[in-house]
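Peer 1: Below you'll find protein_2.cif; it's mmCIF, C-alpha atoms.
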data_final
#
loop_
_atom_site.group_PDB
_atom_site.id
_atom_site.type_symbol
_atom_site.label_atom_id
_atom_site.label_comp_id
_atom_site.auth_asym_id
_atom_site.auth_seq_id
_atom_site.Cartn_x
_atom_site.Cartn_y
_atom_site.Cartn_z
ATOM 1 C CA MET O 9 -0.887 -4.912 -1.424
ATOM 2 C CA SER O 10 2.244 -6.441 -2.930
ATOM 3 C CA LEU O 11 2.647 -6.248 -6.692
ATOM 4 C CA LEU O 12 3.695 -9.359 -8.604
ATOM 5 C CA SER O 13 5.112 -8.807 -12.094
ATOM 6 C CA ILE O 14 4.773 -11.840 -14.362
ATOM 7 C CA VAL O 15 7.241 -11.675 -17.253
ATOM 8 C CA VAL O 16 6.321 -13.876 -20.222
ATOM 9 C CA PRO O 17 8.781 -13.966 -23.164
ATOM 10 C CA CYS O 18 6.980 -14.900 -26.403
ATOM 11 C CA TYR O 19 8.140 -15.849 -29.857
ATOM 12 C CA ASN O 20 5.410 -17.052 -32.197
ATOM 13 C CA GLU O 21 3.194 -18.114 -29.274
ATOM 14 C CA GLU O 22 -0.146 -17.061 -30.775
ATOM 15 C CA GLU O 23 -1.758 -20.330 -29.689
ATOM 16 C CA ASN O 24 -0.586 -20.060 -26.083
ATOM 17 C CA VAL O 25 -1.056 -16.388 -25.132
ATOM 18 C CA SER O 26 -4.689 -16.665 -24.046
ATOM 19 C CA TYR O 27 -4.308 -20.211 -22.757
ATOM 20 C CA PHE O 28 -1.462 -19.128 -20.474
ATOM 21 C CA TYR O 29 -3.550 -16.204 -19.207
ATOM 22 C CA GLU O 30 -6.454 -18.508 -18.350
ATOM 23 C CA GLU O 31 -4.215 -21.002 -16.540
ATOM 24 C CA LEU O 32 -2.530 -18.217 -14.589
ATOM 25 C CA LEU O 33 -5.810 -16.775 -13.340
ATOM 26 C CA LYS O 34 -6.785 -20.132 -11.874
ATOM 27 C CA ASN O 35 -4.603 -18.932 -8.982
ATOM 28 C CA GLN O 36 -6.647 -15.738 -8.554
ATOM 29 C CA ASN O 37 -8.112 -16.859 -5.228
ATOM 30 C CA PHE O 38 -4.606 -17.363 -3.870
ATOM 31 C CA PHE O 39 -3.547 -13.898 -5.040
ATOM 32 C CA ASP O 40 -6.620 -12.343 -3.433
ATOM 33 C CA GLU O 41 -6.080 -14.127 -0.137
ATOM 34 C CA CYS O 42 -2.436 -13.030 -0.003
ATOM 35 C CA GLU O 43 -3.322 -9.494 -1.140
ATOM 36 C CA ILE O 44 -1.151 -9.737 -4.247
ATOM 37 C CA SER O 45 -1.988 -7.608 -7.268
ATOM 38 C CA LEU O 46 -0.762 -8.589 -10.722
ATOM 39 C CA GLU O 47 0.800 -7.134 -13.820
ATOM 40 C CA ILE O 48 1.327 -9.519 -16.720
ATOM 41 C CA ILE O 49 4.072 -8.413 -19.100
ATOM 42 C CA TYR O 50 4.169 -10.249 -22.419
ATOM 43 C CA VAL O 51 7.472 -9.607 -24.208
ATOM 44 C CA ASP O 52 7.063 -10.212 -27.936
ATOM 45 C CA ASP O 53 10.435 -11.172 -29.401
ATOM 46 C CA GLY O 54 9.671 -10.114 -32.978
ATOM 47 C CA SER O 55 7.029 -12.776 -33.598
ATOM 48 C CA GLY O 56 5.824 -13.340 -37.143
ATOM 49 C CA ASP O 57 2.387 -14.654 -36.182
ATOM 50 C CA GLY O 58 -0.532 -13.123 -34.302
ATOM 51 C CA THR O 59 1.084 -13.042 -30.859
ATOM 52 C CA VAL O 60 0.793 -9.250 -30.547
ATOM 53 C CA ALA O 61 -2.837 -9.287 -31.681
ATOM 54 C CA GLU O 62 -3.697 -11.888 -29.036
ATOM 55 C CA VAL O 63 -2.055 -9.818 -26.304
ATOM 56 C CA LYS O 64 -4.025 -6.750 -27.444
ATOM 57 C CA LYS O 65 -7.264 -8.726 -27.116
ATOM 58 C CA LEU O 66 -6.355 -9.585 -23.536
ATOM 59 C CA ARG O 67 -5.488 -5.963 -22.836
ATOM 60 C CA GLU O 68 -8.964 -4.852 -23.892
ATOM 61 C CA LYS O 69 -10.586 -6.952 -21.171
ATOM 62 C CA ASP O 70 -7.853 -6.783 -18.509
ATOM 63 C CA GLY O 71 -5.793 -3.652 -17.866
ATOM 64 C CA ARG O 72 -3.224 -5.690 -15.953
ATOM 65 C CA VAL O 73 -1.916 -7.065 -19.253
ATOM 66 C CA HIS O 74 1.048 -5.222 -20.772
ATOM 67 C CA LEU O 75 3.102 -5.656 -23.935
ATOM 68 C CA VAL O 76 6.696 -4.956 -24.892
ATOM 69 C CA SER O 77 7.094 -5.732 -28.597
ATOM 70 C CA PHE O 78 10.541 -5.790 -30.220
ATOM 71 C CA SER O 79 11.372 -4.318 -33.621
ATOM 72 C CA ARG O 80 12.776 -7.730 -34.619
ATOM 73 C CA ASN O 81 13.826 -11.021 -33.081
ATOM 74 C CA PHE O 82 16.566 -10.324 -30.521
ATOM 75 C CA GLY O 83 16.448 -13.687 -28.756
ATOM 76 C CA LYS O 84 15.009 -14.970 -25.506
ATOM 77 C CA GLU O 85 17.822 -13.531 -23.393
ATOM 78 C CA ALA O 86 16.981 -10.031 -24.607
ATOM 79 C CA ALA O 87 13.274 -10.690 -23.992
ATOM 80 C CA ILE O 88 13.975 -11.744 -20.410
ATOM 81 C CA PHE O 89 16.076 -8.637 -19.801
ATOM 82 C CA ALA O 90 13.401 -6.373 -21.300
ATOM 83 C CA GLY O 91 10.729 -7.955 -19.131
ATOM 84 C CA LEU O 92 12.787 -7.493 -15.971
ATOM 85 C CA GLU O 93 13.558 -3.886 -16.891
ATOM 86 C CA ASN O 94 9.889 -3.089 -17.364
ATOM 87 C CA ALA O 95 8.672 -4.990 -14.314
ATOM 88 C CA GLY O 96 7.715 -2.757 -11.408
ATOM 89 C CA GLY O 97 6.600 -5.408 -8.925
ATOM 90 C CA ASP O 98 7.779 -6.125 -5.415
ATOM 91 C CA TYR O 99 8.150 -9.659 -6.721
ATOM 92 C CA VAL O 100 8.939 -10.752 -10.283
ATOM 93 C CA VAL O 101 8.457 -14.188 -11.801
ATOM 94 C CA LEU O 102 9.716 -15.410 -15.181
ATOM 95 C CA MET O 103 7.461 -17.867 -17.007
ATOM 96 C CA ASP O 104 7.274 -19.377 -20.490
ATOM 97 C CA ALA O 105 4.042 -18.933 -22.442
ATOM 98 C CA ASP O 106 3.996 -22.599 -23.493
ATOM 99 C CA LEU O 107 3.001 -23.674 -19.942
ATOM 100 C CA GLN O 108 6.096 -25.802 -19.431
ATOM 101 C CA ASP O 109 6.370 -23.590 -16.348
ATOM 102 C CA PRO O 110 3.176 -24.569 -14.464
ATOM 103 C CA PRO O 111 1.392 -21.566 -12.860
ATOM 104 C CA SER O 112 0.048 -24.010 -10.279
ATOM 105 C CA LEU O 113 3.469 -23.933 -8.571
ATOM 106 C CA LEU O 114 3.170 -20.237 -7.685
ATOM 107 C CA PRO O 115 1.468 -20.730 -4.270
ATOM 108 C CA GLU O 116 4.220 -23.126 -3.185
ATOM 109 C CA MET O 117 6.898 -20.748 -4.475
ATOM 110 C CA PHE O 118 5.440 -17.892 -2.431
ATOM 111 C CA SER O 119 5.376 -20.095 0.666
ATOM 112 C CA TYR O 120 9.160 -20.425 0.423
ATOM 113 C CA MET O 121 9.592 -16.703 -0.147
ATOM 114 C CA GLU O 122 7.848 -16.136 3.194
ATOM 115 C CA GLN O 123 10.627 -18.185 4.806
ATOM 116 C CA GLY O 124 13.145 -15.499 3.865
ATOM 117 C CA TYR O 125 14.437 -16.661 0.500
ATOM 118 C CA ASP O 126 15.305 -14.070 -2.139
ATOM 119 C CA SER O 127 14.491 -16.410 -4.977
ATOM 120 C CA VAL O 128 12.629 -19.641 -5.644
ATOM 121 C CA ALA O 129 13.953 -21.393 -8.741
ATOM 122 C CA THR O 130 12.651 -24.478 -10.508
ATOM 123 C CA ARG O 131 14.443 -27.442 -11.995
ATOM 124 C CA ARG O 132 13.192 -30.464 -13.871
ATOM 125 C CA VAL O 133 13.982 -33.856 -12.400
ATOM 126 C CA SER O 134 13.203 -35.557 -15.714
ATOM 127 C CA ARG O 135 13.314 -34.667 -19.408
ATOM 128 C CA LYS O 136 10.247 -36.600 -20.467
ATOM 129 C CA GLY O 137 9.224 -35.752 -24.013
ATOM 130 C CA GLU O 138 12.631 -34.488 -25.136
ATOM 131 C CA PRO O 139 14.731 -36.254 -27.786
ATOM 132 C CA PRO O 140 17.249 -38.569 -26.043
ATOM 133 C CA VAL O 141 20.229 -37.061 -27.898
ATOM 134 C CA ARG O 142 19.348 -33.530 -26.816
ATOM 135 C CA SER O 143 18.793 -34.652 -23.231
ATOM 136 C CA PHE O 144 22.183 -36.387 -23.179
ATOM 137 C CA PHE O 145 24.089 -33.345 -24.418
ATOM 138 C CA ALA O 146 22.170 -31.074 -22.035
ATOM 139 C CA ARG O 147 23.267 -33.191 -19.078
ATOM 140 C CA MET O 148 26.853 -33.200 -20.355
ATOM 141 C CA PHE O 149 26.773 -29.410 -20.647
ATOM 142 C CA TYR O 150 25.721 -28.949 -17.016
ATOM 143 C CA LYS O 151 28.363 -31.424 -15.833
ATOM 144 C CA LEU O 152 30.997 -29.531 -17.815
ATOM 145 C CA MET O 153 29.902 -26.161 -16.416
ATOM 146 C CA LYS O 154 30.162 -27.481 -12.863
ATOM 147 C CA LYS O 155 33.799 -28.384 -13.513
ATOM 148 C CA ILE O 156 34.963 -25.266 -15.357
ATOM 149 C CA SER O 157 32.903 -22.492 -13.776
ATOM 150 C CA ARG O 158 32.675 -21.102 -10.252
ATOM 151 C CA THR O 159 29.111 -19.962 -10.906
ATOM 152 C CA GLU O 160 26.375 -22.368 -9.814
ATOM 153 C CA ILE O 161 24.364 -23.581 -12.791
ATOM 154 C CA MET O 162 21.972 -26.306 -11.730
ATOM 155 C CA ASP O 163 21.266 -29.290 -13.976
ATOM 156 C CA GLY O 164 17.730 -29.103 -15.326
ATOM 157 C CA ALA O 165 17.289 -25.499 -14.208
ATOM 158 C CA ARG O 166 14.456 -23.584 -15.834
ATOM 159 C CA ASP O 167 14.107 -19.849 -16.308
ATOM 160 C CA TYR O 168 10.947 -20.171 -14.200
ATOM 161 C CA ARG O 169 11.963 -18.237 -11.091
ATOM 162 C CA LEU O 170 10.287 -16.028 -8.505
ATOM 163 C CA MET O 171 12.528 -13.192 -7.261
ATOM 164 C CA THR O 172 12.470 -10.264 -4.887
ATOM 165 C CA ARG O 173 12.852 -6.708 -6.103
ATOM 166 C CA GLN O 174 16.392 -6.579 -4.749
ATOM 167 C CA MET O 175 17.520 -9.565 -6.796
ATOM 168 C CA VAL O 176 15.839 -8.256 -9.965
ATOM 169 C CA ASP O 177 17.599 -4.908 -9.562
ATOM 170 C CA ALA O 178 20.922 -6.734 -9.258
ATOM 171 C CA ILE O 179 20.256 -8.659 -12.477
ATOM 172 C CA ILE O 180 19.249 -5.652 -14.573
ATOM 173 C CA ALA O 181 22.324 -3.796 -13.296
ATOM 174 C CA MET O 182 24.342 -6.254 -15.401
ATOM 175 C CA LYS O 183 24.122 -4.592 -18.811
ATOM 176 C CA GLU O 184 26.279 -7.066 -20.713
ATOM 177 C CA TYR O 185 25.231 -7.654 -24.322
ATOM 178 C CA ASN O 186 26.080 -11.378 -24.430
ATOM 179 C CA ARG O 187 23.678 -12.669 -21.814
ATOM 180 C CA PHE O 188 23.348 -16.132 -20.297
ATOM 181 C CA THR O 189 20.603 -15.727 -17.729
ATOM 182 C CA LYS O 190 21.028 -19.111 -16.043
ATOM 183 C CA GLY O 191 24.584 -18.108 -15.201
ATOM 184 C CA ILE O 192 23.612 -14.563 -14.197
ATOM 185 C CA PHE O 193 21.100 -15.944 -11.690
ATOM 186 C CA GLY O 194 23.900 -17.886 -10.014
ATOM 187 C CA TRP O 195 26.457 -15.091 -10.262
ATOM 188 C CA VAL O 196 24.384 -12.460 -8.425
ATOM 189 C CA GLY O 197 23.927 -14.874 -5.544
ATOM 190 C CA PHE O 198 21.144 -14.292 -2.980
ATOM 191 C CA ARG O 199 19.399 -17.052 -1.037
ATOM 192 C CA THR O 200 17.736 -19.441 -3.474
ATOM 193 C CA ARG O 201 15.389 -22.338 -2.824
ATOM 194 C CA TRP O 202 15.214 -24.977 -5.553
ATOM 195 C CA LEU O 203 11.836 -26.465 -6.362
ATOM 196 C CA GLU O 204 11.841 -29.735 -8.300
ATOM 197 C CA TYR O 205 9.050 -30.934 -10.564
ATOM 198 C CA GLU O 206 8.432 -33.406 -13.355
ATOM 199 C CA ASN O 207 8.931 -32.139 -16.879
ATOM 200 C CA VAL O 208 5.784 -30.749 -18.516
ATOM 201 C CA GLU O 209 5.440 -30.838 -22.288
ATOM 202 C CA ARG O 210 4.347 -27.818 -24.298
ATOM 203 C CA ALA O 211 0.630 -27.064 -24.191
ATOM 204 C CA ARG O 212 0.390 -26.131 -27.867
ATOM 205 C CA GLY O 213 2.659 -25.415 -30.805
ATOM 206 C CA GLU O 214 6.246 -26.527 -31.366
ATOM 207 C CA THR O 215 9.450 -25.607 -29.600
ATOM 208 C CA LYS O 216 11.611 -22.907 -31.200
ATOM 209 C CA TRP O 217 14.800 -24.534 -29.949
ATOM 210 C CA ASN O 218 16.694 -27.031 -32.093
ATOM 211 C CA PHE O 219 19.993 -28.782 -31.466
ATOM 212 C CA TRP O 220 22.078 -26.143 -33.266
ATOM 213 C CA LYS O 221 20.514 -23.234 -31.344
ATOM 214 C CA LEU O 222 21.043 -25.049 -28.063
ATOM 215 C CA PHE O 223 24.669 -25.757 -29.018
ATOM 216 C CA LEU O 224 25.308 -22.059 -29.706
ATOM 217 C CA TYR O 225 23.524 -21.183 -26.483
ATOM 218 C CA SER O 226 25.815 -23.541 -24.564
ATOM 219 C CA LEU O 227 28.868 -21.831 -26.109
ATOM 220 C CA ASP O 228 27.512 -18.509 -24.851
ATOM 221 C CA GLY O 229 27.276 -19.978 -21.367
ATOM 222 C CA ILE O 230 30.816 -21.379 -21.428
ATOM 223 C CA THR O 231 32.451 -18.188 -22.707
ATOM 224 C CA ALA O 232 30.361 -15.973 -20.395
ATOM 225 C CA PHE O 233 31.172 -17.761 -17.140
ATOM 226 C CA SER O 234 34.476 -19.565 -17.618
ATOM 227 C CA THR O 235 37.989 -18.807 -18.867
ATOM 228 C CA VAL O 236 39.093 -22.440 -18.634
ATOM 229 C CA PRO O 237 38.995 -22.914 -22.464
ATOM 230 C CA LEU O 238 41.610 -20.153 -22.779
ATOM 231 C CA MET O 239 43.768 -21.915 -20.200
ATOM 232 C CA LEU O 240 43.267 -25.176 -22.094
ATOM 233 C CA ALA O 241 44.524 -23.547 -25.309
ATOM 234 C CA SER O 242 47.641 -22.319 -23.496
ATOM 235 C CA VAL O 243 48.331 -25.724 -21.934
ATOM 236 C CA MET O 244 47.943 -27.489 -25.284
ATOM 237 C CA GLY O 245 50.359 -25.015 -26.879
ATOM 238 C CA VAL O 246 53.008 -25.658 -24.208
ATOM 239 C CA PHE O 247 52.465 -29.425 -24.416
ATOM 240 C CA PHE O 248 53.042 -29.580 -28.177
ATOM 241 C CA CYS O 249 56.103 -27.317 -27.926
ATOM 242 C CA VAL O 250 57.635 -29.734 -25.407
ATOM 243 C CA ILE O 251 56.779 -32.737 -27.588
ATOM 244 C CA ALA O 252 58.321 -31.032 -30.631
ATOM 245 C CA PHE O 253 61.524 -30.199 -28.693
ATOM 246 C CA LEU O 254 61.880 -33.797 -27.471
ATOM 247 C CA MET O 255 61.324 -35.150 -30.974
ATOM 248 C CA ILE O 256 64.047 -32.868 -32.371
ATOM 249 C CA ILE O 257 66.531 -34.143 -29.774
ATOM 250 C CA PHE O 258 65.520 -37.747 -30.521
ATOM 251 C CA ILE O 259 66.070 -37.326 -34.276
ATOM 252 C CA ILE O 260 69.467 -35.641 -33.793
ATOM 253 C CA VAL O 261 70.684 -38.354 -31.395
ATOM 254 C CA ARG O 262 69.458 -41.142 -33.676
ATOM 255 C CA LYS O 263 71.271 -39.560 -36.634
ATOM 256 C CA LEU O 264 74.563 -39.130 -34.726
ATOM 257 C CA ILE O 265 74.591 -42.630 -33.223
ATOM 258 C CA PHE O 266 72.999 -44.801 -35.876
ATOM 259 C CA GLY O 267 73.380 -42.655 -38.953
ATOM 260 C CA ASP O 268 69.746 -43.386 -39.697
ATOM 261 C CA PRO O 269 68.378 -40.928 -42.255
ATOM 262 C CA VAL O 270 65.189 -39.121 -41.398
ATOM 263 C CA SER O 271 62.388 -40.825 -43.305
ATOM 264 C CA GLY O 272 58.702 -41.549 -43.115
ATOM 265 C CA TRP O 273 56.892 -38.705 -44.809
ATOM 266 C CA PRO O 274 53.408 -40.231 -44.175
ATOM 267 C CA SER O 275 53.942 -40.014 -40.419
ATOM 268 C CA LEU O 276 55.262 -36.477 -40.860
ATOM 269 C CA VAL O 277 52.101 -35.479 -42.724
ATOM 270 C CA CYS O 278 49.941 -36.951 -39.965
ATOM 271 C CA ILE O 279 51.874 -34.996 -37.311
ATOM 272 C CA ILE O 280 51.546 -31.771 -39.286
ATOM 273 C CA LEU O 281 47.820 -32.297 -39.742
ATOM 274 C CA MET O 282 47.351 -33.043 -36.053
ATOM 275 C CA THR O 283 49.290 -30.028 -34.825
ATOM 276 C CA SER O 284 47.577 -27.811 -37.393
ATOM 277 C CA GLY O 285 44.217 -29.041 -36.152
ATOM 278 C CA VAL O 286 45.161 -28.218 -32.565
ATOM 279 C CA GLN O 287 46.307 -24.748 -33.651
ATOM 280 C CA PHE O 288 43.029 -24.077 -35.430
ATOM 281 C CA PHE O 289 41.104 -25.374 -32.415
ATOM 282 C CA CYS O 290 42.961 -23.033 -30.062
ATOM 283 C CA THR O 291 42.539 -20.164 -32.510
ATOM 284 C CA GLY O 292 38.808 -20.885 -32.543
ATOM 285 C CA ILE O 293 38.682 -20.684 -28.747
ATOM 286 C CA LEU O 294 40.442 -17.319 -28.837
ATOM 287 C CA GLY O 295 38.091 -16.233 -31.623
ATOM 288 C CA GLN O 296 35.018 -16.989 -29.498
ATOM 289 C CA TYR O 297 36.223 -14.803 -26.650
ATOM 290 C CA LEU O 298 37.378 -12.089 -29.050
ATOM 291 C CA ALA O 299 33.987 -12.086 -30.790
ATOM 292 C CA LYS O 300 32.182 -11.693 -27.459
ATOM 293 C CA THR O 301 34.508 -8.837 -26.533
ATOM 294 C CA TYR O 302 33.905 -7.210 -29.929
ATOM 295 C CA MET O 303 30.138 -7.289 -29.425
ATOM 296 C CA GLU O 304 30.457 -5.872 -25.903
ATOM 297 C CA VAL O 305 32.643 -2.893 -26.879
ATOM 298 C CA LYS O 306 30.253 -1.904 -29.686
ATOM 299 C CA ARG O 307 27.730 -1.153 -26.911
ATOM 300 C CA ARG O 308 24.675 -1.798 -29.048
ATOM 301 C CA PRO O 309 21.341 -1.842 -27.215
ATOM 302 C CA ILE O 310 20.243 -5.265 -26.023
ATOM 303 C CA TYR O 311 16.839 -4.765 -27.666
ATOM 304 C CA LEU O 312 14.745 -2.161 -29.519
ATOM 305 C CA VAL O 313 11.049 -1.630 -28.842
ATOM 306 C CA ARG O 314 8.544 -1.203 -31.670
ATOM 307 C CA GLU O 315 5.393 -1.034 -29.552
ATOM 308 C CA GLN O 316 4.687 -0.917 -25.838
ATOM 309 C CA PHE O 317 1.712 -0.462 -23.519
#
Go through the file and emit its structure as structure tokens.
Peer 2:
Amino acid sequence: MSLLSIVVPCYNEEENVSYFYEELLKNQNFFDECEISLEIIYVDDGSGDGTVAEVKKLREKDGRVHLVSFSRNFGKEAAIFAGLENAGGDYVVLMDADLQDPPSLLPEMFSYMEQGYDSVATRRVSRKGEPPVRSFFARMFYKLMKKISRTEIMDGARDYRLMTRQMVDAIIAMKEYNRFTKGIFGWVGFRTRWLEYENVERARGETKWNFWKLFLYSLDGITAFSTVPLMLASVMGVFFCVIAFLMIIFIIVRKLIFGDPVSGWPSLVCIILMTSGVQFFCTGILGQYLAKTYMEVKRRPIYLVREQF
């Protein structure tokens, strides 16, 4: 029998742990027919509610349920990496506990795997239920990434993805501390089939993502898979140097020909403020890349485990 590892990152998902388990097992007949055995790995990302207790209850009645509980909140990227590291299946699927990743799609995903694909990934064709502002900026982010990065990052892509053992091994071989899994999926390559579906709202509870967290997450993606911002900073520096040189020549010529004194301190202040702003902006870009490099060279562990079974 083939072993399917189901990795479920959780952060304060007490209400959804059991509900997800019940929805997943509605596919039990399919798993039996295809001779697929299961291991369900809940990765607790330092939850402050009863998530761990709910997983332990499931473990008592089903030995296929496993837990990796962090010592604190390390973030979803760390939870995904931990789940993949601890997954021993021939196939591994990533799924959210809030049921925005419908378990009912698993039979169709396996049908594509039988056609020779290394991965079946999902993407939403709509963002029903999301705030319009967040949806707009999300779309802009994916459009930007397509222009500045060579790595394929699909608009509306979810972390919900079924993968072969070979692809999972390639992903966990990337030990980088600053992780952006959507980009890593594209970077490692392999044959991927995209499966589209309508957006599904959370089953219970509230999302842990707000606009600020998503903004920071997008910065991680840009700095992890593109060096175009660094090139932009260099180009802007050269551009303003050329403008400054031309302005100096213009002022000297005007003084020699017309004897016009240099005046207009308000415009001078505006120019200084503008160029200073550009300098700070470029310094900020450099700072982002330097900060990521600083965190990488410290070589801290991606996560720490408090409890595991």
Peer 1: Work out how far CA of Ile192 (chain O) is from CA of Pro115 (chain O), in Å to one decimal.
Peer 2: 25.0 Å
Peer 1: Counting all atoms listed in the file, what are the residues of region 34-58 of chain O within 9 Å of region 76-93 of chain O, and for each of them which pair of atoms is the nearest and at what distance in Å, to one decimal? Sort the table by chain and rising number, as a Markdown table.
Peer 2:
| residue | atom | partner | partner_atom | distance |
| --- | --- | --- | --- | --- |
| O:Ile49 | CA | O:Gly91 | CA | 6.7 |
| O:Tyr50 | CA | O:Val76 | CA | 6.4 |
| O:Val51 | CA | O:Val76 | CA | 4.8 |
| O:Asp52 | CA | O:Ser77 | CA | 4.5 |
| O:Asp53 | CA | O:Asn81 | CA | 5.0 |
| O:Gly54 | CA | O:Arg80 | CA | 4.2 |
| O:Ser55 | CA | O:Asn81 | CA | 7.0 |
Peer 1: With C-alpha atoms retained, write the just-selected residues as an mmCIF file, keeping the file's coordinate frame.
Peer 2:
data_model
loop_
_atom_site.group_PDB
_atom_site.id
_atom_site.type_symbol
_atom_site.label_atom_id
_atom_site.label_comp_id
_atom_site.auth_asym_id
_atom_site.auth_seq_id
_atom_site.Cartn_x
_atom_site.Cartn_y
_atom_site.Cartn_z
ATOM 1 C CA ILE O 49 4.072 -8.413 -19.100
ATOM 2 C CA TYR O 50 4.169 -10.249 -22.419
ATOM 3 C CA VAL O 51 7.472 -9.607 -24.208
ATOM 4 C CA ASP O 52 7.063 -10.212 -27.936
ATOM 5 C CA ASP O 53 10.435 -11.172 -29.401
ATOM 6 C CA GLY O 54 9.671 -10.114 -32.978
ATOM 7 C CA SER O 55 7.029 -12.776 -33.598
#
Peer 1: Determine the residue set returned by the PyMOL selection byres ((chain O and resi 14-26) around 8) for the present structure, and present it as a VMD selection string.
Peer 2: chain O and resid 12 to 13 27 to 30 46 to 60 62 to 63 66 84 87 to 88 91 to 92 95 100 to 107 211 to 213 216
Peer 1: Write out as an mmCIF file with C-alpha atoms, in the frame of the given file each polymer residue whose atoms come within 8 Å of Leu294 (chain O), counting only C-alpha atoms; drop sequence neighbours fewer than 4 positions from it.
Peer 2:
data_model
loop_
_atom_site.group_PDB
_atom_site.id
_atom_site.type_symbol
_atom_site.label_atom_id
_atom_site.label_comp_id
_atom_site.auth_asym_id
_atom_site.auth_seq_id
_atom_site.Cartn_x
_atom_site.Cartn_y
_atom_site.Cartn_z
ATOM 1 C CA LEU O 238 41.610 -20.153 -22.779
ATOM 2 C CA CYS O 290 42.961 -23.033 -30.062
ATOM 3 C CA LEU O 298 37.378 -12.089 -29.050
#
Peer 1: Please, what distance in Å, to one decimal, runs between CA of Gly245 (chain O) and CA of Phe258 (chain O)?
Peer 2: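 Those two atoms sit 20.1 Å apart.
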Peer 1: Just how far from CA of Phe118 (chain O) is CA of Cys42 (chain O), in Å to one decimal?
Peer 2: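 According to the coordinates, CA of Cys42 (chain O) and CA of Phe118 (chain O) are separated by 9.6 Å.
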Peer 1: Using only C-alpha atoms, find the one residue out of O:Arg173, O:Arg187, O:Lys306, O:Arg199 that sits nearest to Asp98 (chain O).
Peer 2: O:Arg173
Peer 1: Out of O:Thr283, O:Trp195, O:Glu315, O:Gln296, which residue has the shortest atom-to-atom distance to His74 (chain O) when counting all atoms listed in the file?
Peer 2: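 The answer is O:Glu315, which sits nearest to His74 (chain O).
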Peer 1: Would you mind telling me which residue in O:Val176, O:Gln108, O:Asp126, O:Gly197 lies nearest to Gly96 (chain O) when using all atoms listed in the file?
Peer 2: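 For Gly96 (chain O), the nearest of the candidates is O:Val176.
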Peer 1: Exactly which residues make up the result of the PyMOL selection byres ((chain O and resi 203) around 10) on this file, given as a VMD selection string?
Peer 2: chain O and resid 113 116 to 117 120 128 to 133 165 169 200 to 202 204 to 205
Peer 1: To test the calculation: enclose all listed atoms of region 187-199 of chain O in a box whose edges run along x, y and z, add 6 Å on each side, then state centre and edge lengths in Å to one decimal, as AutoDock Vina command-line options.
Peer 2:
--center_x 22.9 --center_y -15.8 --center_z -11.4 --size_x 19.1 --size_y 18.7 --size_z 32.8
Peer 1: Identify, on the basis of all atoms listed in the file, every residue whose closest approach to Thr301 (chain O) does not exceed 12 Å; exclude the query and any residue fewer than 4 positions from it along the same chain; express the result as a ChimeraX atom specification.
Peer 2: /O:184-186,231-232,294-297,305-307
Peer 1: Restricting the calculation to only C-alpha atoms, which member of O:Gly97, O:Pro111, O:Glu68, O:Phe317 is positioned closest to Leu33 (chain O)?
Peer 2: O:Pro111
Peer 1: Which residue is closest to Leu240 (chain O)? Choose from O:Leu114, O:Ala61, O:Ile293, O:Ala252 and count all atoms listed in the file.
Peer 2: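 Nearest to Leu240 (chain O): O:Ile293.
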Peer 1: N, CA, C and O atoms are what I want for region 103-110 of chain O; can you complete it accordingly and write them as an mmCIF file, in the frame of the given file?
Peer 2:
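Listing of selection18.cif after writing:
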data_model
loop_
_atom_site.group_PDB
_atom_site.id
_atom_site.type_symbol
_atom_site.label_atom_id
_atom_site.label_comp_id
_atom_site.auth_asym_id
_atom_site.auth_seq_id
_atom_site.Cartn_x
_atom_site.Cartn_y
_atom_site.Cartn_z
ATOM 1 N N MET O 103 8.206 -16.679 -16.618
ATOM 2 C CA MET O 103 7.461 -17.867 -17.007
ATOM 3 C C MET O 103 7.383 -17.950 -18.530
ATOM 4 O O MET O 103 7.287 -16.924 -19.211
ATOM 5 N N ASP O 104 7.441 -19.169 -19.055
ATOM 6 C CA ASP O 104 7.274 -19.377 -20.490
ATOM 7 C C ASP O 104 5.791 -19.453 -20.831
ATOM 8 O O ASP O 104 4.987 -19.992 -20.059
ATOM 9 N N ALA O 105 5.444 -18.952 -22.011
ATOM 10 C CA ALA O 105 4.042 -18.933 -22.442
ATOM 11 C C ALA O 105 3.524 -20.314 -22.801
ATOM 12 O O ALA O 105 2.306 -20.526 -22.878
ATOM 13 N N ASP O 106 4.434 -21.278 -23.040
ATOM 14 C CA ASP O 106 3.996 -22.599 -23.493
ATOM 15 C C ASP O 106 3.512 -23.500 -22.369
ATOM 16 O O ASP O 106 3.187 -24.669 -22.589
ATOM 17 N N LEU O 107 3.487 -22.960 -21.123
ATOM 18 C CA LEU O 107 3.001 -23.674 -19.942
ATOM 19 C C LEU O 107 3.885 -24.846 -19.521
ATOM 20 O O LEU O 107 3.444 -25.733 -18.786
ATOM 21 N N GLN O 108 5.137 -24.854 -19.987
ATOM 22 C CA GLN O 108 6.096 -25.802 -19.431
ATOM 23 C C GLN O 108 6.516 -25.367 -18.029
ATOM 24 O O GLN O 108 7.134 -26.135 -17.297
ATOM 25 N N ASP O 109 6.184 -24.113 -17.700
ATOM 26 C CA ASP O 109 6.370 -23.590 -16.348
ATOM 27 C C ASP O 109 4.988 -23.499 -15.704
ATOM 28 O O ASP O 109 4.269 -22.510 -15.896
ATOM 29 N N PRO O 110 4.560 -24.509 -14.960
ATOM 30 C CA PRO O 110 3.176 -24.569 -14.464
ATOM 31 C C PRO O 110 2.838 -23.424 -13.499
ATOM 32 O O PRO O 110 3.494 -23.273 -12.457
#
